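Containing compact mmCIF, C-alpha atoms: target-v2.txt.
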```txt
# COMPACT_ATOMS: atom_id res chain seq x y z
CA MET T 1 52.68 41.09 33.74
CA SER T 2 50.13 38.37 32.94
CA LEU T 3 47.24 38.93 30.55
CA LEU T 4 43.78 37.56 31.39
CA SER T 5 41.40 37.34 28.43
CA VAL T 6 37.69 37.42 29.21
CA ILE T 7 35.63 35.89 26.37
CA VAL T 8 31.98 36.92 26.27
CA PRO T 9 29.82 35.17 23.61
CA SER T 10 26.81 37.43 23.01
CA TYR T 11 23.58 36.99 21.10
CA ASN T 12 20.98 39.76 21.45
CA GLU T 13 22.45 40.95 24.75
CA GLU T 14 22.32 44.73 24.28
CA ALA T 15 20.62 45.18 27.67
CA ALA T 16 22.92 42.83 29.59
CA ILE T 17 26.34 43.87 28.26
CA PRO T 18 26.56 47.30 30.00
CA ILE T 19 25.53 45.71 33.30
CA PHE T 20 28.08 42.95 32.78
CA TYR T 21 30.83 45.47 31.99
CA ASP T 22 30.08 47.53 35.10
CA ALA T 23 30.13 44.40 37.26
CA MET T 24 33.49 43.38 35.77
CA GLN T 25 34.92 46.81 36.46
CA LYS T 26 34.07 46.44 40.15
CA VAL T 27 35.61 42.97 40.28
CA GLY T 28 38.62 44.26 38.37
CA LYS T 29 39.41 46.75 41.14
CA ASP T 30 39.39 44.03 43.79
CA PHE T 31 41.35 41.81 41.44
CA ALA T 32 44.02 44.48 40.98
CA ASP T 33 44.51 44.77 44.74
CA ARG T 34 45.02 41.03 45.10
CA PHE T 35 46.82 40.33 41.80
CA PRO T 36 48.52 43.56 40.70
CA GLU T 37 50.52 41.70 38.05
CA VAL T 38 47.40 40.88 36.01
CA GLU T 39 46.03 42.91 33.12
CA PHE T 40 42.57 42.34 31.60
CA GLU T 41 41.33 42.24 28.04
CA TYR T 42 37.73 41.65 26.98
CA VAL T 43 36.82 39.74 23.84
CA PHE T 44 33.13 40.14 23.00
CA VAL T 45 31.80 37.86 20.26
CA ASP T 46 28.64 39.14 18.61
CA ASP T 47 27.01 35.99 17.27
CA GLY T 48 24.96 37.59 14.51
CA SER T 49 22.68 39.52 16.87
CA SER T 50 19.54 41.16 15.48
CA ASP T 51 19.53 43.95 18.08
CA ARG T 52 22.12 46.66 18.94
CA THR T 53 24.56 44.29 20.63
CA ILE T 54 27.47 45.16 18.32
CA ASP T 55 26.80 48.91 18.70
CA VAL T 56 26.92 48.59 22.50
CA ILE T 57 30.19 46.70 22.25
CA LYS T 58 31.66 49.34 19.95
CA ASP T 59 30.70 52.03 22.45
CA LEU T 60 32.62 50.15 25.13
CA ARG T 61 35.55 49.80 22.76
CA ALA T 62 35.59 53.57 22.16
CA GLY T 63 36.06 54.21 25.88
CA ASP T 64 38.26 51.25 26.81
CA ALA T 65 41.13 50.01 24.65
CA ARG T 66 41.07 46.70 26.52
CA VAL T 67 37.77 45.84 24.82
CA HIS T 68 38.02 43.84 21.59
CA TYR T 69 35.29 42.23 19.55
CA ILE T 70 34.46 39.86 16.73
CA SER T 71 31.20 40.31 14.86
CA LEU T 72 30.17 37.11 13.08
CA SER T 73 28.53 37.27 9.67
CA ARG T 74 25.45 35.41 10.97
CA ASN T 75 24.28 33.43 13.97
CA PHE T 76 26.62 30.42 14.06
CA GLY T 77 25.59 29.33 17.57
CA LYS T 78 27.20 29.66 20.97
CA GLU T 79 29.73 26.87 20.37
CA ALA T 80 31.15 28.63 17.31
CA ALA T 81 31.14 31.95 19.18
CA ILE T 82 33.17 30.45 22.02
CA TYR T 83 35.67 29.02 19.54
CA ALA T 84 35.92 32.43 17.83
CA GLY T 85 36.69 34.00 21.19
CA PHE T 86 39.38 31.43 21.93
CA SER T 87 40.98 32.07 18.54
CA LYS T 88 41.19 35.84 19.19
CA ALA T 89 42.16 35.79 22.89
CA ALA T 90 45.82 36.62 23.46
CA GLY T 91 45.92 36.07 27.22
CA ASP T 92 48.18 33.83 29.24
CA TYR T 93 44.94 32.79 30.93
CA VAL T 94 41.52 32.71 29.30
CA VAL T 95 38.10 32.77 30.93
CA CYS T 96 34.76 32.27 29.20
CA MET T 97 31.69 34.00 30.69
CA ASP T 98 28.09 34.72 29.74
CA ALA T 99 26.98 38.34 29.50
CA ASP T 100 23.82 37.77 31.56
CA LEU T 101 25.78 37.53 34.87
CA GLN T 102 24.59 33.98 35.52
CA ASP T 103 28.34 33.38 35.77
CA PRO T 104 29.24 35.33 38.96
CA PRO T 105 32.28 37.59 38.28
CA GLU T 106 33.15 37.58 42.00
CA LEU T 107 34.37 33.98 41.62
CA LEU T 108 37.18 35.11 39.30
CA PRO T 109 39.84 35.74 42.00
CA GLU T 110 39.34 32.25 43.43
CA MET T 111 39.44 30.74 39.95
CA TYR T 112 42.60 32.63 39.01
CA ASP T 113 44.27 31.59 42.25
CA ALA T 114 43.51 27.94 41.43
CA VAL T 115 45.42 28.02 38.11
CA THR T 116 48.32 30.15 39.34
CA ALA T 117 48.95 29.12 42.96
CA GLU T 118 47.34 25.69 43.28
CA GLY T 119 48.75 24.06 40.15
CA TYR T 120 45.51 23.48 38.24
CA ASP T 121 45.25 23.87 34.47
CA SER T 122 41.64 24.93 34.72
CA ALA T 123 39.12 26.12 37.30
CA ALA T 124 35.53 25.35 36.30
CA THR T 125 32.18 26.16 37.85
CA ARG T 126 29.06 24.10 38.44
CA ARG T 127 25.65 25.01 39.77
CA VAL T 128 24.53 23.01 42.80
CA THR T 129 20.96 24.30 42.49
CA ARG T 130 18.71 25.14 39.54
CA LYS T 131 16.50 27.62 41.34
CA GLY T 132 14.36 29.60 38.92
CA GLU T 133 14.39 26.95 36.17
CA PRO T 134 11.28 24.95 35.19
CA LYS T 135 11.23 21.65 37.10
CA ILE T 136 10.85 19.53 33.99
CA ARG T 137 13.90 21.20 32.44
CA SER T 138 15.96 20.58 35.59
CA LEU T 139 14.87 16.94 35.67
CA LEU T 140 15.77 16.39 32.03
CA ALA T 141 19.16 18.07 32.58
CA ARG T 142 20.01 15.72 35.45
CA CYS T 143 18.90 12.72 33.39
CA PHE T 144 21.07 13.91 30.50
CA TYR T 145 24.24 14.09 32.62
CA ARG T 146 23.57 10.64 34.11
CA LEU T 147 23.04 9.20 30.65
CA MET T 148 26.19 10.80 29.23
CA ASN T 149 28.35 9.49 32.07
CA ARG T 150 27.06 5.98 31.35
CA ILE T 151 27.55 5.96 27.60
CA SER T 152 30.64 8.17 27.18
CA ASP T 153 34.29 7.84 28.18
CA VAL T 154 34.41 11.60 28.81
CA GLU T 155 33.37 12.88 32.25
CA PHE T 156 30.30 15.13 32.27
CA VAL T 157 29.76 17.04 35.52
CA ASP T 158 26.15 17.71 36.46
CA GLY T 159 25.47 21.44 36.56
CA ALA T 160 28.70 22.34 34.77
CA ARG T 161 28.83 25.75 33.15
CA ASP T 162 30.92 27.06 30.27
CA TYR T 163 32.28 29.52 32.85
CA ARG T 164 35.86 28.49 33.51
CA ILE T 165 39.41 29.83 33.46
CA MET T 166 42.13 27.98 31.56
CA THR T 167 45.84 28.17 30.99
CA ARG T 168 47.15 29.00 27.54
CA LYS T 169 48.26 25.39 27.10
CA MET T 170 44.71 24.11 27.58
CA VAL T 171 43.25 26.76 25.26
CA ASN T 172 45.72 25.80 22.54
CA ALA T 173 44.68 22.17 22.93
CA ILE T 174 41.02 23.14 22.45
CA LEU T 175 41.87 25.19 19.36
CA GLU T 176 43.45 22.11 17.80
CA LEU T 177 40.03 20.43 17.77
CA GLY T 178 38.64 21.97 14.60
CA GLU T 179 35.44 19.92 14.38
CA ASN T 180 32.31 21.76 13.26
CA ASN T 181 29.86 19.79 15.39
CA ARG T 182 31.00 21.10 18.75
CA PHE T 183 29.91 20.47 22.32
CA THR T 184 32.30 22.52 24.43
CA LYS T 185 31.50 20.89 27.77
CA GLY T 186 32.51 17.56 26.25
CA ILE T 187 35.60 19.05 24.61
CA TYR T 188 36.77 20.37 27.99
CA GLY T 189 36.59 16.84 29.37
CA TRP T 190 38.13 15.23 26.29
CA VAL T 191 41.30 17.35 26.27
CA GLY T 192 41.79 16.48 29.94
CA PHE T 193 44.10 18.61 32.11
CA LYS T 194 43.78 19.07 35.85
CA THR T 195 40.57 20.89 36.77
CA LYS T 196 39.29 22.33 40.04
CA TRP T 197 35.50 22.53 40.41
CA ILE T 198 33.96 25.51 42.17
CA GLU T 199 30.33 25.25 43.24
CA TYR T 200 27.77 28.04 43.48
CA GLU T 201 24.01 28.46 43.62
CA ASN T 202 22.08 29.34 40.50
CA VAL T 203 21.85 33.03 39.60
CA GLU T 204 19.07 34.39 37.41
CA ARG T 205 19.68 36.61 34.39
CA VAL T 206 20.09 40.33 35.01
CA ALA T 207 18.44 41.28 31.71
CA GLY T 208 17.01 39.81 28.55
CA GLU T 209 15.64 36.32 28.00
CA THR T 210 17.25 32.94 27.57
CA LYS T 211 17.97 31.96 23.98
CA TRP T 212 17.52 28.26 24.70
CA SER T 213 14.13 26.76 23.88
CA PHE T 214 13.11 23.26 24.94
CA PHE T 215 13.69 21.85 21.46
CA GLY T 216 16.95 23.78 21.18
CA LEU T 217 18.22 22.09 24.34
CA MET T 218 17.07 18.70 23.05
CA GLY T 219 19.04 19.25 19.85
CA TYR T 220 22.04 20.39 21.89
CA SER T 221 21.82 17.19 23.95
CA LEU T 222 21.66 15.11 20.78
CA GLU T 223 24.79 16.91 19.57
CA ALA T 224 26.58 15.79 22.74
CA ILE T 225 25.46 12.18 22.38
CA LEU T 226 26.51 11.95 18.73
CA GLY T 227 29.78 13.76 19.37
CA PHE T 228 31.00 11.85 22.41
CA SER T 229 29.45 8.40 22.31
CA THR T 230 28.88 5.54 19.89
CA ALA T 231 26.49 3.84 22.32
CA PRO T 232 23.46 4.44 20.05
CA LEU T 233 25.18 2.39 17.33
CA SER T 234 25.83 -0.40 19.82
CA PHE T 235 22.18 -0.16 20.81
CA VAL T 236 21.18 -0.65 17.17
CA ILE T 237 23.31 -3.80 16.95
CA ALA T 238 21.88 -5.21 20.17
CA LEU T 239 18.32 -4.35 19.15
CA GLY T 240 18.84 -5.97 15.75
CA PHE T 241 20.05 -9.16 17.43
CA ILE T 242 17.07 -9.22 19.81
CA VAL T 243 14.53 -8.59 17.06
CA THR T 244 16.10 -11.27 14.84
CA ALA T 245 16.00 -13.80 17.68
CA PHE T 246 12.38 -12.89 18.41
CA ALA T 247 11.46 -13.28 14.73
CA PHE T 248 13.16 -16.70 14.60
CA LEU T 249 11.18 -17.87 17.64
CA LEU T 250 8.02 -16.51 16.06
CA ILE T 251 8.65 -18.54 12.89
CA ILE T 252 9.05 -21.70 14.95
CA PHE T 253 5.81 -20.88 16.79
CA VAL T 254 3.90 -20.39 13.52
CA VAL T 255 5.22 -23.65 12.02
CA ILE T 256 4.36 -25.70 15.10
CA ARG T 257 0.95 -24.07 15.40
CA THR T 258 0.19 -24.85 11.75
CA LEU T 259 1.24 -28.49 12.11
CA LEU T 260 -0.83 -28.94 15.24
CA PHE T 261 -3.96 -26.94 14.39
CA GLY T 262 -3.81 -26.49 10.63
CA ASP T 263 -5.12 -22.90 10.78
CA PRO T 264 -2.38 -20.64 9.41
CA THR T 265 -4.68 -17.65 8.71
CA ASN T 266 -5.84 -17.18 12.29
CA GLY T 267 -4.14 -14.26 14.02
CA TRP T 268 -3.86 -12.04 10.97
CA PRO T 269 -4.39 -8.76 12.97
CA SER T 270 -1.64 -9.63 15.42
CA MET T 271 0.68 -10.45 12.53
CA ILE T 272 0.04 -7.02 11.01
CA CYS T 273 0.93 -5.41 14.36
CA ILE T 274 4.19 -7.36 14.46
CA VAL T 275 5.08 -6.32 10.90
CA VAL T 276 4.42 -2.67 11.71
CA PHE T 277 6.50 -2.98 14.89
CA PHE T 278 9.46 -4.39 12.97
CA ALA T 279 9.10 -1.70 10.29
CA GLY T 280 9.17 1.01 12.94
CA THR T 281 12.22 -0.57 14.58
CA GLN T 282 14.04 -0.63 11.26
CA LEU T 283 13.23 3.02 10.60
CA MET T 284 14.46 4.00 14.07
CA CYS T 285 17.73 2.12 13.61
CA THR T 286 18.21 3.60 10.16
CA GLY T 287 17.61 7.04 11.64
CA ILE T 288 20.29 6.54 14.31
CA VAL T 289 22.83 5.39 11.74
CA GLY T 290 21.76 8.25 9.47
CA ALA T 291 22.36 10.80 12.24
CA TYR T 292 25.99 9.67 12.58
CA LEU T 293 26.37 9.58 8.80
CA GLY T 294 24.97 13.10 8.54
CA LYS T 295 27.48 14.42 11.08
CA THR T 296 30.28 12.71 9.16
CA TYR T 297 29.04 14.29 5.93
CA LEU T 298 29.05 17.77 7.47
CA GLU T 299 32.57 17.29 8.84
CA THR T 300 33.94 16.19 5.46
CA LYS T 301 32.83 19.50 3.96
CA ASN T 302 35.54 21.10 6.11
CA ARG T 303 33.71 24.42 6.31
CA PRO T 304 35.02 27.09 8.72
CA ILE T 305 33.55 27.04 12.21
CA PHE T 306 32.71 30.74 11.95
CA ILE T 307 33.05 33.68 9.57
CA ALA T 308 33.89 37.11 10.98
CA ARG T 309 32.19 40.13 9.42
CA GLU T 310 34.40 42.58 11.32
CA GLU T 311 36.70 42.55 14.32
CA GLU T 312 38.92 44.86 16.29
```
As structure tokens, what does this structure read like?
Amino acid sequence: MSLLSVIVPSYNEEAAIPIFYDAMQKVGKDFADRFPEVEFEYVFVDDGSSDRTIDVIKDLRAGDARVHYISLSRNFGKEAAIYAGFSKAAGDYVVCMDADLQDPPELLPEMYDAVTAEGYDSAATRRVTRKGEPKIRSLLARCFYRLMNRISDVEFVDGARDYRIMTRKMVNAILELGENNRFTKGIYGWVGFKTKWIEYENVERVAGETKWSFFGLMGYSLEAILGFSTAPLSFVIALGFIVTAFAFLLIIFVVIRTLLFGDPTNGWPSMICIVVFFAGTQLMCTGIVGAYLGKTYLETKNRPIFIAREEE
């Protein structure tokens, strides 16, 4: 028998979890007919929810011994919750899914077939449409993936979800990456392995509200840039060279103008604008370097990625 672990990171999902569980039960019946050698286990990760999420999970656990859970001591974020699920999952194959059913469970048989019969190490999903999302958010998401593919050596697939199935070997490789500043989509690409991409149209949440605000997504994008590219540092070097060259040309211009016209004080307002521009450029460059330094500082603390309050 093969064990398939289903990891479900959950934050304030008390309304969605029962619906998710019922949907998985229906898929499980079809799955059993096609793959009778497979057993399921569910690993719910309560990421410090402020509602009854953990109570709902415990109720499921009371009626189904296949249900396991980890309750984190506070909200560590989805990346830490996913890592916690990976660390607890015991399956030969591991799949990560959201509780809101935006990751269609009916794709599981095709995904499992890809890693067992087709020779892939992973079967991942990507949305080909973003129906139901604000247009500005969809536009920024597409721009983000284009930018990351230009500045990073790791492949970033537009529309990629965290929803994917992996072999135990790939999961173990991910667990070896113990960094605190995590961007799982980038980690998937960094560890490599052979991946099959399965496309589907966007599905809206069955219950609850998204936990991602606009500024939260912007911070998440910045995490990806700092974690998987040093292009901003190269940008700082290039910008410094350009500004220095411009300043040198400006000095030559001022000297020649003074020799020819003898009026060095003329143009004082424009000079102030130039000084302010250079000061702003220096602050921006210092901020970029400081962002990388800050991430390095946090990593050197070597704090745990998550702390479990209780688990079963």
Counting only C-alpha atoms, what is within 8 Å of Asn180 (chain T), bar same-chain residues fewer than 6 positions away, as a short mmCIF file (atom, residue, chain, number, x, y, z; two decimals) with C-alpha atoms, in the coordinates of the input?
```
data_model
loop_
_atom_site.label_atom_id
_atom_site.label_comp_id
_atom_site.auth_asym_id
_atom_site.auth_seq_id
_atom_site.Cartn_x
_atom_site.Cartn_y
_atom_site.Cartn_z
CA LEU T 298 29.05 17.77 7.47
CA GLU T 299 32.57 17.29 8.84
CA ASN T 302 35.54 21.10 6.11
CA ARG T 303 33.71 24.42 6.31
CA PRO T 304 35.02 27.09 8.72
CA ILE T 305 33.55 27.04 12.21
#
```
Counting all atoms listed in the file, the residue of T:Val38, T:Val27, T:Ala84, T:Ala117 that sits nearest Ile307 (chain T):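 Comparing T:Val38, T:Val27, T:Ala84, T:Ala117 against Ile307 (chain T), the winner is T:Ala84.
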How far is it from CA of Ser73 (chain T) to CA of Asp98 (chain T), in Å with one decimal?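 If I compute the distance from CA of Ser73 (chain T) to CA of Asp98 (chain T), I get 20.2 Å.
Residues within 7 Å of Gly186 (chain T), counting only C-alpha atoms and excluding same-chain residues fewer than 3 positions away, are Val154, Phe156, Phe183, Gly189 and Trp190 of chain T.
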If we count all atoms listed in the file, what is near Arg126 (chain T) at a cut-off of 9 Å, once residues fewer than 3 positions away on the same chain are taken out, given as a ChimeraX atom specification? /T:157-163,197-202
Could you write out that same residue set with C-alpha atoms as a PDB file, in the frame of the given file?
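Ended up saving to part-v5.pdb:
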```
ATOM      1  CA  VAL T 157      29.760  17.040  35.520  1.00  0.00           C
ATOM      2  CA  ASP T 158      26.150  17.710  36.460  1.00  0.00           C
ATOM      3  CA  GLY T 159      25.470  21.440  36.560  1.00  0.00           C
ATOM      4  CA  ALA T 160      28.700  22.340  34.770  1.00  0.00           C
ATOM      5  CA  ARG T 161      28.830  25.750  33.150  1.00  0.00           C
ATOM      6  CA  ASP T 162      30.920  27.060  30.270  1.00  0.00           C
ATOM      7  CA  TYR T 163      32.280  29.520  32.850  1.00  0.00           C
ATOM      8  CA  TRP T 197      35.500  22.530  40.410  1.00  0.00           C
ATOM      9  CA  ILE T 198      33.960  25.510  42.170  1.00  0.00           C
ATOM     10  CA  GLU T 199      30.330  25.250  43.240  1.00  0.00           C
ATOM     11  CA  TYR T 200      27.770  28.040  43.480  1.00  0.00           C
ATOM     12  CA  GLU T 201      24.010  28.460  43.620  1.00  0.00           C
ATOM     13  CA  ASN T 202      22.080  29.340  40.500  1.00  0.00           C
TER      14      ASN T 202
END
```
Can you pull out every residue within 12 Å of Arg74 (chain T), counting only C-alpha atoms, but drop anything in the same chain fewer than 5 positions away, and send it as a list of chain:residue names?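 Answer for this query is T:Tyr11, T:Val45, T:Asp46, T:Asp47, T:Gly48, T:Ser49, T:Ser50, T:Ala80, T:Ala81, T:Ile305, T:Phe306, T:Ile307, T:Ala308, T:Arg309, T:Glu310.
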In terms of the shortest atom-to-atom distance over all atoms listed in the file, which of T:Thr125, T:Leu239, T:Gly119, T:Asp33 is closest to Gln102 (chain T)?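 Among the listed residues, the smallest separation from Gln102 (chain T) belongs to T:Thr125.
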Exercise: residues within 12 Å of coordinate (50.3, 24.1, 27.5), counting all atoms listed in the file, as a PyMOL selection string: chain T and resi 92-93+120-122+166-175+191-194
Distance of CA of Glu155 (chain T) from CA of Lys185 (chain T), expressed in Å to one decimal place: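 So the answer is 9.4 Å.
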Measure the distance from CA of Ala123 (chain T) to CA of Lys196 (chain T) in Å and round it to one decimal. 4.7 Å
Kindly indicate which residue among T:Ala238, T:Val115, T:Ile70, T:Met284 lies nearest to Ala89 (chain T), using only C-alpha atoms for the distances.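 With only C-alpha atoms as the atom set, the closest residue is T:Ile70.
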So which residues fall inside 6 Å of (33.7, 38.9, 28.1) if we count only C-alpha atoms? Mind giving them as a PyMOL selection string? chain T and resi 6-8+42-44+97
Pick out the closest residue to Met148 (chain T) from this set: T:Ile252, T:Leu222, T:Ala114, T:Val94. Count only C-alpha atoms. T:Leu222
